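Chemist: Supplied structure: entry-v8.cif, mmCIF, C-alpha atoms.
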data_target
loop_
_atom_site.label_atom_id
_atom_site.label_comp_id
_atom_site.auth_asym_id
_atom_site.auth_seq_id
_atom_site.Cartn_x
_atom_site.Cartn_y
_atom_site.Cartn_z
CA MET A 165 -14.75 -27.36 12.09
CA ALA A 166 -15.33 -29.03 8.73
CA ALA A 167 -18.64 -27.17 8.49
CA LEU A 168 -16.93 -23.87 9.36
CA SER A 169 -14.33 -24.54 6.67
CA GLU A 170 -17.07 -25.22 4.14
CA ARG A 171 -19.06 -22.11 5.04
CA SER A 172 -16.03 -19.79 5.02
CA GLY A 173 -13.97 -21.37 2.24
CA VAL A 174 -10.93 -21.39 4.55
CA PRO A 175 -9.08 -24.77 4.78
CA VAL A 176 -9.19 -26.63 8.13
CA PRO A 177 -5.39 -26.44 8.76
CA THR A 178 -5.57 -22.66 8.27
CA ILE A 179 -8.49 -22.42 10.73
CA LYS A 180 -6.46 -24.45 13.27
CA TYR A 181 -3.56 -22.06 12.79
CA TYR A 182 -5.80 -19.02 13.35
CA LEU A 183 -7.18 -20.64 16.53
CA ARG A 184 -3.64 -21.25 17.84
CA GLU A 185 -2.66 -17.64 17.08
CA GLY A 186 -5.75 -16.31 18.84
CA MET A 187 -7.14 -14.71 15.68
CA LEU A 188 -10.30 -16.79 16.03
CA PRO A 189 -12.05 -17.46 19.36
CA PRO A 190 -12.48 -21.14 20.29
CA GLY A 191 -15.80 -22.77 19.40
CA GLU A 192 -18.20 -24.01 22.03
CA ALA A 193 -17.09 -27.52 23.05
CA THR A 194 -19.85 -30.05 22.36
CA SER A 195 -17.71 -33.13 23.12
CA PRO A 196 -14.02 -33.74 24.00
CA ASN A 197 -12.97 -33.43 20.36
CA GLN A 198 -15.85 -31.51 18.82
CA ALA A 199 -16.75 -27.84 18.95
CA SER A 200 -19.49 -25.82 17.36
CA TYR A 201 -18.89 -22.58 15.52
CA ASP A 202 -21.46 -19.90 14.81
CA ASP A 203 -22.01 -16.94 12.48
CA ALA A 204 -19.59 -14.85 14.55
CA HIS A 205 -16.80 -17.30 13.67
CA VAL A 206 -17.63 -17.12 9.98
CA ALA A 207 -17.62 -13.30 10.17
CA ARG A 208 -14.30 -13.28 12.03
CA LEU A 209 -12.74 -15.63 9.48
CA ARG A 210 -13.85 -13.33 6.66
CA MET A 211 -12.27 -10.37 8.43
CA VAL A 212 -8.98 -12.22 8.94
CA ARG A 213 -8.88 -13.22 5.27
CA ALA A 214 -9.63 -9.65 4.11
CA LEU A 215 -6.89 -8.20 6.32
CA ILE A 216 -4.33 -10.74 5.07
CA ASP A 217 -5.32 -11.19 1.41
CA VAL A 218 -6.52 -7.71 0.49
CA GLY A 219 -4.80 -5.58 3.13
CA GLY A 220 -1.53 -7.50 2.84
CA LEU A 221 -1.05 -7.59 6.63
CA SER A 222 1.23 -9.98 8.47
CA VAL A 223 -0.26 -12.37 11.03
CA ALA A 224 1.24 -10.25 13.84
CA SER A 225 -0.51 -7.12 12.49
CA VAL A 226 -3.81 -8.99 12.19
CA VAL A 227 -3.54 -10.13 15.82
CA ALA A 228 -2.93 -6.52 16.90
CA VAL A 229 -5.89 -5.02 15.03
CA LEU A 230 -8.26 -7.81 16.11
CA ALA A 231 -7.30 -7.11 19.72
CA ALA A 232 -8.44 -3.51 19.12
CA VAL A 233 -11.71 -4.73 17.60
CA ASP A 234 -12.34 -7.03 20.58
CA ASP A 235 -11.38 -4.62 23.37
CA THR A 236 -14.72 -2.93 23.99
CA ARG A 237 -13.12 -0.49 26.42
CA MET A 238 -10.61 0.84 23.88
CA PRO A 239 -11.46 4.40 22.77
CA LEU A 240 -12.11 4.80 19.05
CA THR A 241 -9.08 7.06 18.65
CA TRP A 242 -6.81 4.34 20.06
CA ALA A 243 -8.30 1.78 17.68
CA PHE A 244 -7.43 4.24 14.91
CA GLY A 245 -3.83 4.31 16.08
CA VAL A 246 -3.60 0.53 16.09
CA ALA A 247 -5.11 0.32 12.58
CA GLN A 248 -2.79 3.07 11.35
CA HIS A 249 0.24 1.07 12.48
CA ALA A 250 -0.99 -2.01 10.60
CA LEU A 251 0.85 -1.80 7.30
CA PRO A 252 2.10 -4.55 4.98
CA ASN A 253 5.50 -5.87 6.01
CA PRO A 254 8.24 -4.68 5.85
CA VAL A 255 6.75 -1.19 5.73
CA THR A 256 5.55 -1.71 9.32
CA ALA A 257 9.12 -1.47 10.58
CA ILE A 258 9.63 1.90 8.89
CA ALA A 259 6.41 3.36 10.27
CA SER A 260 7.43 2.33 13.80
CA ALA A 261 10.86 3.92 13.54
CA GLU A 262 11.44 7.03 15.59
CA GLY A 263 12.93 9.78 13.45
CA ASP A 264 15.10 12.50 14.94
CA GLY A 265 13.47 15.02 12.61
CA THR A 266 16.72 15.94 10.92
CA SER A 267 16.50 14.17 7.56
CA ALA A 268 15.50 16.12 4.45
CA GLY A 269 12.38 13.96 4.17
CA GLN A 270 11.34 14.66 7.76
CA ALA A 271 11.84 18.40 7.23
CA ALA A 272 9.72 18.28 4.05
CA ILE A 273 6.91 16.43 5.85
CA ALA A 274 7.06 18.93 8.74
CA ARG A 275 6.73 21.77 6.19
CA VAL A 276 3.74 20.24 4.43
CA MET A 277 2.05 19.57 7.80
CA GLU A 278 2.52 23.22 8.74
CA GLU A 279 1.19 24.40 5.37
CA ARG A 280 -1.92 22.27 5.76
CA GLY A 281 -2.36 23.01 9.47
CA TRP A 282 -2.16 19.33 10.37
CA THR A 283 -1.52 18.84 14.08
CA VAL A 284 -0.85 15.25 15.13
CA THR A 285 1.12 13.32 17.76
CA ALA A 286 4.83 12.79 17.12
CA GLY A 287 4.33 9.01 17.05
CA ASN A 288 1.96 9.09 14.07
CA PRO A 289 3.30 6.26 11.86
CA GLY A 290 2.60 8.20 8.68
CA ILE A 291 5.29 10.78 9.43
CA ALA A 292 8.15 8.24 9.48
CA LEU A 293 6.76 6.39 6.46
CA ALA A 294 6.26 9.47 4.26
CA ALA A 295 9.64 10.92 5.29
CA ARG A 296 11.38 7.65 4.45
CA VAL A 297 9.92 7.67 0.93
CA LEU A 298 11.17 11.23 0.32
CA ASP A 299 14.61 10.32 1.69
CA SER A 300 14.68 7.33 -0.68
CA TYR A 301 13.91 9.61 -3.64
CA GLY A 302 16.92 11.68 -2.61
CA THR A 303 19.25 8.71 -2.13
CA LEU A 304 18.28 7.39 -5.57
CA GLY A 305 18.98 10.72 -7.27
CA LEU A 306 15.28 11.18 -8.08
CA GLU A 307 14.69 14.33 -6.02
CA HIS A 308 12.30 15.64 -8.68
CA LEU A 309 9.77 13.02 -7.52
CA ALA A 310 9.36 15.01 -4.26
CA SER A 311 7.56 17.64 -6.36
CA VAL A 312 4.39 15.56 -5.92
CA LEU A 313 4.22 16.32 -2.18
CA PRO A 314 1.69 19.22 -2.15
CA ALA A 315 -0.67 17.34 -4.48
CA TYR A 316 -0.36 14.14 -2.42
CA ALA A 317 -1.11 16.09 0.75
CA GLU A 318 -4.23 17.59 -0.81
CA ALA A 319 -5.31 14.10 -1.91
CA ALA A 320 -4.65 12.73 1.61
CA GLN A 321 -6.89 15.40 3.10
CA ILE A 322 -9.73 14.47 0.71
CA VAL A 323 -9.29 10.76 1.51
CA ALA A 324 -9.13 11.31 5.28
CA GLU A 325 -12.31 13.45 5.27
CA ALA A 326 -14.10 10.67 3.37
CA ASP A 327 -12.72 8.01 5.76
CA LEU A 328 -13.98 9.80 8.85
CA ALA A 329 -17.35 10.62 7.26
CA ALA A 330 -17.83 6.93 6.40
CA ILE A 331 -16.98 5.81 9.95
CA ALA A 332 -19.45 8.33 11.39
CA LEU A 333 -22.25 6.69 9.33
CA ARG A 334 -22.45 3.90 11.91
CA GLU A 335 -23.55 4.57 15.47
CA ASP A 336 -22.64 1.29 17.18
CA ARG A 337 -19.22 1.31 18.85
CA ALA A 338 -18.25 -2.19 17.61
CA GLU A 339 -19.27 -1.34 14.04
CA ARG A 340 -17.32 1.91 14.21
CA VAL A 341 -14.16 0.15 15.36
CA GLU A 342 -14.56 -2.48 12.62
CA SER A 343 -15.02 0.34 10.12
CA VAL A 344 -11.88 2.09 11.39
CA VAL A 345 -9.77 -1.07 11.17
CA ILE A 346 -11.02 -2.37 7.82
CA GLY A 347 -11.33 1.08 6.25
CA THR A 348 -7.83 2.11 7.28
CA VAL A 349 -6.12 -1.13 6.19
CA LEU A 350 -8.09 -1.88 3.01
CA GLY A 351 -8.40 1.82 2.13
CA ASP A 352 -4.70 1.85 1.23
CA ALA A 353 -5.36 -0.89 -1.35
CA LEU A 354 -8.43 0.93 -2.67
CA GLY A 355 -6.37 4.10 -3.10
CA ALA A 356 -3.52 2.18 -4.77
CA GLY A 357 -5.98 0.57 -7.17
CA LEU A 358 -7.70 3.81 -8.18
CA ARG A 359 -4.31 5.51 -8.52
CA ARG A 360 -3.28 2.89 -11.09
CA ILE A 361 -6.43 3.43 -13.12
CA ALA A 362 -5.99 7.22 -13.04
CA GLN A 363 -2.28 6.90 -13.89
CA GLU A 364 -2.99 4.94 -17.06
CA HIS A 365 -5.67 7.44 -18.08
CA VAL A 366 -3.50 10.51 -17.41
CA SER A 367 -0.36 8.96 -18.95
CA ALA A 368 -2.16 8.56 -22.28
CA ARG A 369 -2.55 12.37 -22.30
CA VAL A 370 0.92 13.31 -20.98
CA PHE A 371 2.79 10.75 -23.10
CA PRO A 372 0.33 10.38 -26.01
CA SER A 373 2.55 8.49 -28.43
CA PRO A 374 4.77 5.88 -26.80
CA ASN A 375 6.80 5.35 -29.96
CA GLU A 376 7.59 9.03 -30.18
CA SER A 377 8.36 9.70 -26.54
CA ASP A 378 10.53 6.63 -26.03
CA GLU A 379 12.83 6.57 -29.02
CA SER A 380 15.21 9.17 -27.66
CA GLU A 381 17.56 6.39 -26.52
CA ALA A 382 19.46 4.32 -29.05
CA GLY A 383 18.65 0.68 -29.62
CA HIS A 384 14.94 1.01 -30.05
CA GLU A 385 13.61 -1.70 -32.35
CA MET B 841 32.57 -7.20 -2.87
CA ALA B 842 33.56 -6.26 0.68
CA ALA B 843 34.10 -2.69 -0.54
CA LEU B 844 30.70 -2.68 -2.27
CA SER B 845 29.10 -3.94 0.94
CA GLU B 846 30.78 -1.16 2.90
CA ARG B 847 29.77 1.57 0.45
CA SER B 848 26.15 0.44 0.21
CA GLY B 849 25.57 -0.82 3.74
CA VAL B 850 24.20 -4.09 2.32
CA PRO B 851 25.71 -7.31 3.84
CA VAL B 852 27.87 -9.49 1.55
CA PRO B 853 25.55 -12.56 1.71
CA THR B 854 22.65 -10.33 0.62
CA ILE B 855 24.71 -8.96 -2.29
CA LYS B 856 25.55 -12.54 -3.35
CA TYR B 857 21.85 -13.39 -3.24
CA TYR B 858 20.98 -10.37 -5.40
CA LEU B 859 23.70 -11.39 -7.90
CA ARG B 860 22.27 -14.93 -8.10
CA GLU B 861 18.74 -13.58 -8.62
CA GLY B 862 19.93 -11.24 -11.38
CA MET B 863 18.94 -8.10 -9.44
CA LEU B 864 22.53 -6.87 -9.61
CA PRO B 865 24.74 -7.21 -12.71
CA PRO B 866 28.04 -9.12 -12.20
CA GLY B 867 31.13 -7.04 -11.46
CA GLU B 868 34.05 -6.86 -13.85
CA ALA B 869 36.28 -9.89 -13.18
CA THR B 870 39.77 -8.77 -12.15
CA SER B 871 41.01 -12.25 -11.18
CA PRO B 872 39.43 -15.76 -10.94
CA ASN B 873 37.82 -14.96 -7.58
CA GLN B 874 37.81 -11.17 -7.55
CA ALA B 875 35.53 -8.68 -9.28
CA SER B 876 35.34 -4.91 -9.22
CA TYR B 877 32.11 -3.02 -8.69
CA ASP B 878 31.46 0.59 -9.64
CA ASP B 879 29.05 3.44 -8.83
CA ALA B 880 26.39 1.80 -11.01
CA HIS B 881 26.41 -1.21 -8.68
CA VAL B 882 26.04 1.00 -5.61
CA ALA B 883 23.15 2.83 -7.28
CA ARG B 884 21.46 -0.44 -8.24
CA LEU B 885 21.83 -1.80 -4.72
CA ARG B 886 20.15 1.34 -3.33
CA MET B 887 17.26 0.91 -5.76
CA VAL B 888 16.80 -2.75 -4.80
CA ARG B 889 16.78 -1.85 -1.09
CA ALA B 890 14.26 0.97 -1.62
CA LEU B 891 11.91 -1.29 -3.60
CA ILE B 892 12.06 -4.03 -0.94
CA ASP B 893 12.29 -2.00 2.29
CA VAL B 894 10.14 1.03 1.48
CA GLY B 895 7.99 -0.29 -1.37
CA GLY B 896 7.41 -3.64 0.34
CA LEU B 897 7.96 -5.57 -2.91
CA SER B 898 8.76 -9.27 -3.14
CA VAL B 899 12.03 -10.34 -4.79
CA ALA B 900 10.04 -11.57 -7.82
CA SER B 901 8.45 -8.13 -8.24
CA VAL B 902 11.83 -6.41 -7.91
CA VAL B 903 13.28 -8.65 -10.64
CA ALA B 904 10.34 -7.74 -12.90
CA VAL B 905 10.60 -3.97 -12.45
CA LEU B 906 14.40 -3.99 -12.80
CA ALA B 907 14.01 -5.81 -16.12
CA ALA B 908 11.81 -2.90 -17.23
CA VAL B 909 14.44 -0.39 -16.08
CA ASP B 910 17.18 -2.27 -17.97
CA ASP B 911 15.31 -2.92 -21.22
CA THR B 912 16.15 0.23 -23.15
CA ARG B 913 13.77 -0.80 -25.94
CA MET B 914 10.75 -1.02 -23.69
CA PRO B 915 8.31 1.87 -24.30
CA LEU B 916 7.68 4.08 -21.27
CA THR B 917 4.01 3.06 -21.15
CA TRP B 918 5.00 -0.60 -20.89
CA ALA B 919 7.38 0.22 -18.05
CA PHE B 920 4.43 1.91 -16.36
CA GLY B 921 2.41 -1.27 -16.68
CA VAL B 922 5.18 -3.36 -15.13
CA ALA B 923 5.55 -0.89 -12.24
CA GLN B 924 1.78 -0.79 -11.75
CA HIS B 925 1.70 -4.57 -11.32
CA ALA B 926 4.43 -4.42 -8.67
CA LEU B 927 2.49 -4.36 -5.41
CA PRO B 928 3.36 -5.77 -2.01
CA ASN B 929 2.52 -9.47 -1.70
CA PRO B 930 -0.11 -10.90 -1.50
CA VAL B 931 -1.90 -7.94 -3.08
CA THR B 932 -0.04 -8.74 -6.33
CA ALA B 933 -2.16 -11.86 -6.83
CA ILE B 934 -5.39 -9.89 -6.56
CA ALA B 935 -4.25 -7.23 -9.02
CA SER B 936 -3.38 -9.93 -11.57
CA ALA B 937 -6.74 -11.66 -11.25
CA GLU B 938 -9.07 -11.34 -14.21
CA GLY B 939 -12.52 -10.25 -13.11
CA ASP B 940 -15.61 -11.15 -15.11
CA GLY B 941 -17.03 -7.70 -14.38
CA THR B 942 -20.05 -9.05 -12.58
CA SER B 943 -19.25 -8.43 -8.90
CA ALA B 944 -20.76 -5.45 -7.11
CA GLY B 945 -17.26 -4.01 -6.63
CA GLN B 946 -16.43 -4.31 -10.31
CA ALA B 947 -19.71 -2.61 -11.24
CA ALA B 948 -18.98 0.23 -8.77
CA ILE B 949 -15.49 0.74 -10.23
CA ALA B 950 -16.91 0.71 -13.77
CA ARG B 951 -19.39 3.42 -12.73
CA VAL B 952 -16.76 5.65 -11.14
CA MET B 953 -14.53 5.24 -14.22
CA GLU B 954 -17.42 6.34 -16.42
CA GLU B 955 -18.20 9.32 -14.17
CA ARG B 956 -14.59 10.47 -14.30
CA GLY B 957 -14.13 9.69 -18.00
CA TRP B 958 -11.25 7.32 -17.27
CA THR B 959 -10.51 5.09 -20.24
CA VAL B 960 -7.95 2.36 -19.61
CA THR B 961 -7.15 -1.18 -20.77
CA ALA B 962 -9.15 -4.04 -19.22
CA GLY B 963 -5.96 -5.52 -17.76
CA ASN B 964 -5.17 -2.47 -15.61
CA PRO B 965 -4.26 -4.05 -12.23
CA GLY B 966 -5.97 -1.23 -10.32
CA ILE B 967 -9.43 -2.32 -11.47
CA ALA B 968 -9.23 -5.80 -9.92
CA LEU B 969 -7.59 -4.44 -6.76
CA ALA B 970 -10.08 -1.62 -6.13
CA ALA B 971 -13.03 -3.90 -6.95
CA ARG B 972 -11.76 -6.54 -4.53
CA VAL B 973 -11.62 -4.00 -1.69
CA LEU B 974 -15.23 -2.93 -2.33
CA ASP B 975 -16.34 -6.57 -2.50
CA SER B 976 -14.59 -7.19 0.84
CA TYR B 977 -16.47 -4.25 2.41
CA GLY B 978 -19.69 -5.93 1.28
CA THR B 979 -18.72 -9.41 2.51
CA LEU B 980 -17.84 -7.95 5.91
CA GLY B 981 -21.16 -6.13 6.22
CA LEU B 982 -19.41 -2.74 6.00
CA GLU B 983 -21.05 -1.54 2.77
CA HIS B 984 -21.15 2.02 4.14
CA LEU B 985 -17.35 2.20 3.65
CA ALA B 986 -17.96 2.19 -0.13
CA SER B 987 -19.31 5.74 0.31
CA VAL B 988 -15.68 6.96 0.12
CA LEU B 989 -15.40 5.96 -3.56
CA PRO B 990 -16.08 9.34 -5.27
CA ALA B 991 -13.68 11.14 -2.91
CA TYR B 992 -10.99 8.48 -3.38
CA ALA B 993 -11.39 8.75 -7.17
CA GLU B 994 -10.93 12.53 -7.00
CA ALA B 995 -7.83 12.04 -4.85
CA ALA B 996 -6.48 9.42 -7.29
CA GLN B 997 -6.85 11.88 -10.15
CA ILE B 998 -4.89 14.55 -8.24
CA VAL B 999 -2.16 12.03 -7.37
CA ALA B 1000 -1.90 10.66 -10.91
CA GLU B 1001 -1.61 14.17 -12.43
CA ALA B 1002 1.24 14.90 -9.99
CA ASP B 1003 2.91 11.54 -10.76
CA LEU B 1004 2.94 12.17 -14.50
CA ALA B 1005 4.05 15.80 -14.11
CA ALA B 1006 6.99 14.64 -11.97
CA ILE B 1007 8.04 12.01 -14.50
CA ALA B 1008 7.91 14.57 -17.30
CA LEU B 1009 10.45 16.72 -15.40
CA ARG B 1010 13.23 14.42 -16.64
CA GLU B 1011 14.10 14.15 -20.33
CA ASP B 1012 16.38 11.12 -20.38
CA ARG B 1013 14.61 7.83 -21.14
CA ALA B 1014 16.47 5.85 -18.44
CA GLU B 1015 15.73 8.51 -15.80
CA ARG B 1016 12.08 8.59 -16.84
CA VAL B 1017 11.74 4.82 -16.49
CA GLU B 1018 13.45 4.91 -13.09
CA SER B 1019 11.06 7.70 -12.07
CA VAL B 1020 8.07 5.66 -13.26
CA VAL B 1021 9.17 2.55 -11.37
CA ILE B 1022 10.25 4.20 -8.11
CA GLY B 1023 7.48 6.81 -8.16
CA THR B 1024 4.77 4.23 -8.76
CA VAL B 1025 5.98 1.73 -6.14
CA LEU B 1026 7.10 4.15 -3.41
CA GLY B 1027 4.28 6.60 -4.16
CA ASP B 1028 1.82 4.14 -2.61
CA ALA B 1029 3.79 4.29 0.66
CA LEU B 1030 3.99 8.11 0.48
CA GLY B 1031 0.23 8.30 0.02
CA ALA B 1032 -0.38 5.81 2.86
CA GLY B 1033 1.86 7.85 5.15
CA LEU B 1034 0.21 11.21 4.40
CA ARG B 1035 -3.23 9.60 4.71
CA ARG B 1036 -2.37 8.52 8.27
CA ILE B 1037 -1.28 12.03 9.22
CA ALA B 1038 -4.43 13.56 7.72
CA GLN B 1039 -6.64 10.90 9.36
CA GLU B 1040 -5.35 11.73 12.83
CA HIS B 1041 -5.85 15.45 12.21
CA VAL B 1042 -9.38 15.06 10.81
CA SER B 1043 -10.43 12.50 13.45
CA ALA B 1044 -9.73 15.00 16.23
CA ARG B 1045 -12.40 17.21 14.64
CA VAL B 1046 -14.95 14.51 13.78
CA PHE B 1047 -14.61 12.60 17.07
CA PRO B 1048 -13.45 15.38 19.42
CA SER B 1049 -14.11 13.58 22.70
CA PRO B 1050 -13.10 9.93 22.62
CA ASN B 1051 -14.62 9.18 26.03
CA GLU B 1052 -18.02 10.43 24.95
CA SER B 1053 -18.20 8.89 21.51
CA ASP B 1054 -16.85 5.47 22.41
CA GLU B 1055 -18.43 4.35 25.61
CA SER B 1056 -21.95 4.00 24.29
CA GLU B 1057 -21.48 0.31 23.57
CA ALA B 1058 -19.15 -0.68 26.42
CA GLY B 1059 -19.49 -4.34 27.22
CA HIS B 1060 -21.17 -4.94 23.88
CA GLU B 1061 -19.71 -8.42 23.32
#
Go ahead and render the structure in this file as structure tokens.

Modeler:
Amino acid sequence: MAALSERSGVPVPTIKYYLREGMLPPGEATSPNQASYDDAHVARLRMVRALIDVGGLSVASVVAVLAAVDDTRMPLTWAFGVAQHALPNPVTAIASAEGDGTSAGQAAIARVMEERGWTVTAGNPGIALAARVLDSYGTLGLEHLASVLPAYAEAAQIVAEADLAAIALREDRAERVESVVIGTVLGDALGAGLRRIAQEHVSARVFPSPNESDESEAGHE
Amino acid sequence: MAALSERSGVPVPTIKYYLREGMLPPGEATSPNQASYDDAHVARLRMVRALIDVGGLSVASVVAVLAAVDDTRMPLTWAFGVAQHALPNPVTAIASAEGDGTSAGQAAIARVMEERGWTVTAGNPGIALAARVLDSYGTLGLEHLASVLPAYAEAAQIVAEADLAAIALREDRAERVESVVIGTVLGDALGAGLRRIAQEHVSARVFPSPNESDESEAGHE
């Protein structure tokens, strides 16, 4: 286990914790208190770290998506569903909530889905999550922020087409499922990162002079 | 405080915690152990809950973005920077990391920024975050997932233009800063939600028959 820790850069107590939680399969026992670990263990450790550190997933979410990766009988579309539900806490709870379709946010999402011709199952976790954001804008008196919805939907379509095209690049079932899980979870972070770069670039054009556009309120130094 | 709890739906112990952490300004003292709270307190409580529950922020990140909302002398572009750094834990740590620009992910992000003509400061948290995702794809042997980058960059541009247009809809400095903070933090969740809807729709076209496309490697492991 010390060798596995050295190769992966993950501390021994953390590896023991992952073993207990079933995120890492046991090594092959070579003596009563020794086990050997192979390249597959190193690869699995890297995946766990990426899901937690970069994807921001909870341990429970990691366990769920790894089960999808390991279940060779699970259809690819199911694996997609599992990966889609894996969101950083506490957002997971929102995405799992069943909406009754009556909130303003839910109605707005239903409209945009109709406009774009998106047909999905009612349990798609994105519906509850997106609706909750729009409802929060309303509760906070920032309804004007909902004006971004058509543009966000167009962007989501572009991203989803790219996601599926990337997954289709691999033929092997196991590699496809890994691509679905990692691409879905880490893709959110990639999108959030690029959005921040684009925001700074665009904001320099929309609000060119910070000193000018911000002095409307008294008390500016 | 009991009345504030009732109006906002936030439990009294949680309100006390927010007061201690400085996320909620003290009420006006009406007697040695009584204070009165007004609409501003209810509004602030709603914002704190939205940032934590929907945005997935840590308490430390909420404190940071609320300081930006409350500092009337802070230029709008600075408030943007604070909001951009507020990401769900543990992603925050990645976004704050200084890259030396030499990883494959950092080189790929530099290229896409050049292609799109994006000019931003070196400390933009999106650069480190996006680069880290691409480096993770490489470490996991899923380099093909990096093929999504040009499409994601196009989507980020569309989203950022919509973000800035929405913020510009309000004239008041305080409302603009609130829009920047809430729109930046919750916008990630809105994008993640819509992406999941679009993914399910597109996947039905790309992988029309799950039984056919997934059983090729049954029993692979």

Chemist: With a cut-off of 6 Å and counting all atoms listed in the file, select all residues of chain B in contact with chain A and give the selection as a PyMOL selection string.

Modeler: chain B and resi 894+896+913+915+930-931+958-960+966+969-970+973+985+988+992+995-997+999-1000+1002+1006+1030+1033-1039+1041+1050+1054+1057-1059

Chemist: Convert the current residue selection to file output with C-alpha atoms, as a compact mmCIF listing (two decimals), in the frame of the given file.

Modeler:
# COMPACT_ATOMS: atom_id res chain seq x y z
CA VAL B 894 10.14 1.03 1.48
CA GLY B 896 7.41 -3.64 0.34
CA ARG B 913 13.77 -0.80 -25.94
CA PRO B 915 8.31 1.87 -24.30
CA PRO B 930 -0.11 -10.90 -1.50
CA VAL B 931 -1.90 -7.94 -3.08
CA TRP B 958 -11.25 7.32 -17.27
CA THR B 959 -10.51 5.09 -20.24
CA VAL B 960 -7.95 2.36 -19.61
CA GLY B 966 -5.97 -1.23 -10.32
CA LEU B 969 -7.59 -4.44 -6.76
CA ALA B 970 -10.08 -1.62 -6.13
CA VAL B 973 -11.62 -4.00 -1.69
CA LEU B 985 -17.35 2.20 3.65
CA VAL B 988 -15.68 6.96 0.12
CA TYR B 992 -10.99 8.48 -3.38
CA ALA B 995 -7.83 12.04 -4.85
CA ALA B 996 -6.48 9.42 -7.29
CA GLN B 997 -6.85 11.88 -10.15
CA VAL B 999 -2.16 12.03 -7.37
CA ALA B 1000 -1.90 10.66 -10.91
CA ALA B 1002 1.24 14.90 -9.99
CA ALA B 1006 6.99 14.64 -11.97
CA LEU B 1030 3.99 8.11 0.48
CA GLY B 1033 1.86 7.85 5.15
CA LEU B 1034 0.21 11.21 4.40
CA ARG B 1035 -3.23 9.60 4.71
CA ARG B 1036 -2.37 8.52 8.27
CA ILE B 1037 -1.28 12.03 9.22
CA ALA B 1038 -4.43 13.56 7.72
CA GLN B 1039 -6.64 10.90 9.36
CA HIS B 1041 -5.85 15.45 12.21
CA PRO B 1050 -13.10 9.93 22.62
CA ASP B 1054 -16.85 5.47 22.41
CA GLU B 1057 -21.48 0.31 23.57
CA ALA B 1058 -19.15 -0.68 26.42
CA GLY B 1059 -19.49 -4.34 27.22

Chemist: Taking the file as shown, find all residues satisfying the PyMOL selection byres ((chain B and resi 865) around 12) and write them as a PyMOL selection string.

Modeler: chain B and resi 855-864+866-869+875-878+880-885+903+906-907+910

Chemist: In Å, how far is it from CA of Val212 (chain A) to CA of Gln946 (chain B)?

Modeler: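 Going from CA of Val212 (chain A) over to CA of Gln946 (chain B), I get 22.1 Å.
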
Chemist: Could you check how far CA of Ala926 (chain B) sits from CA of Ser222 (chain A), in Å to one decimal?

Modeler: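 CA of Ala926 (chain B) sits 18.3 Å away from CA of Ser222 (chain A).
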
Chemist: Could you state the separation of CA of Val902 (chain B) and CA of Val1021 (chain B) in Å, given to one decimal place?

Modeler: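 Atom-to-atom, CA of Val902 (chain B) to CA of Val1021 (chain B), that is 10.0 Å.
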